[in-house]
Structure formats: structure tokens, C-alpha cells
Amino acid sequence: MKYQEIISKLEEIEGSLDDAFYSLPEYNANVDSRDYIDSARSELYCLKEDIEKKVKKSEKKPWLSRYLFVRSSTKWEETIWL
């Protein structure tokens with residue numbers, strides 16, 4: 001899977017999370033659900049931004065395009081992209 005395909009999939013997920021966030025009624029009972037959805041959106045935005053930065057960086061350094069940077073629990077790790 002290429003970077004642009006990954007970004008495209010992330011944008012699809014972003015759209016679904018946005019739809020879920022804005023379609024959830026604003027009742028007190030839904031506060032926790034809204035927070036969870038908003039947290040997932042935030043994590044997705046950060047991931048997408050990090051991948052886009054890596055793509056720009058790899059354009060400057062072609063050898064870097066062989067690597068994918070993935071998040072493992074609490075930190076970002078570098079993994080060989082085959």
C-alpha cells in the first residue's frame with residue numbers, strides 16, 4: 001500500500017468519524033460517546049499529519065520511502081516498509 005492510498009483510507013475514516021460525531025444527539029447520556037469519538041478524530045488527525053510529514057520528508061530523501069512509521073501503544077516506531 002502506498003502513502004497516498006493510506007492517506008485516502010484515513011480520509012474515509014475521518015469522514016465516518018465526523019459523521020458519527022455530528023449525528024450523535026447532544027443529550028447528557030451521550031457525553032462519553034462524544035468524547036470517545038472526538039478523541040478518535042484527534043488521534044486520526046495526528047496520524048494523518050505525521051504520515052503527510054513523512055511523505056514530504058521521503059520526497060526529499062527517496063531511500064526513506066521504504067519505511068513506514070507506525071504507532072505502537074505510546075510511541076512512534078519505525079518499521080521497514082516492504
# chains A, B, ... in the order shown; residues from 1 in each chain; ligands from 1

$ residues_around --residues "Ile51 in chain A" --least-positions-apart "3" --cutoff "9 Å" --atoms "only C-alpha atoms" --output "NGL selection string"
:A and (3 or 6-7 or 46-48 or 54-56 or 68-69)

$ atom_distance --atom1 "CA of Ser33 in chain A" --atom2 "CA of Ala20 in chain A"
9.8 Å

$ closest_residue --among "A:Glu11, A:Glu5, A:Val31, A:Ser58" --to "Leu44 in chain A" --atoms "only C-alpha atoms"
A:Glu11

$ atom_distance --atom1 "CA of Glu52 in chain A" --atom2 "CA of Gly15 in chain A"
17.5 Å

$ closest_residue --among "A:Leu17, A:Glu49, A:Lys60, A:Lys2" --to "Tyr36 in chain A" --atoms "only C-alpha atoms"
A:Leu17
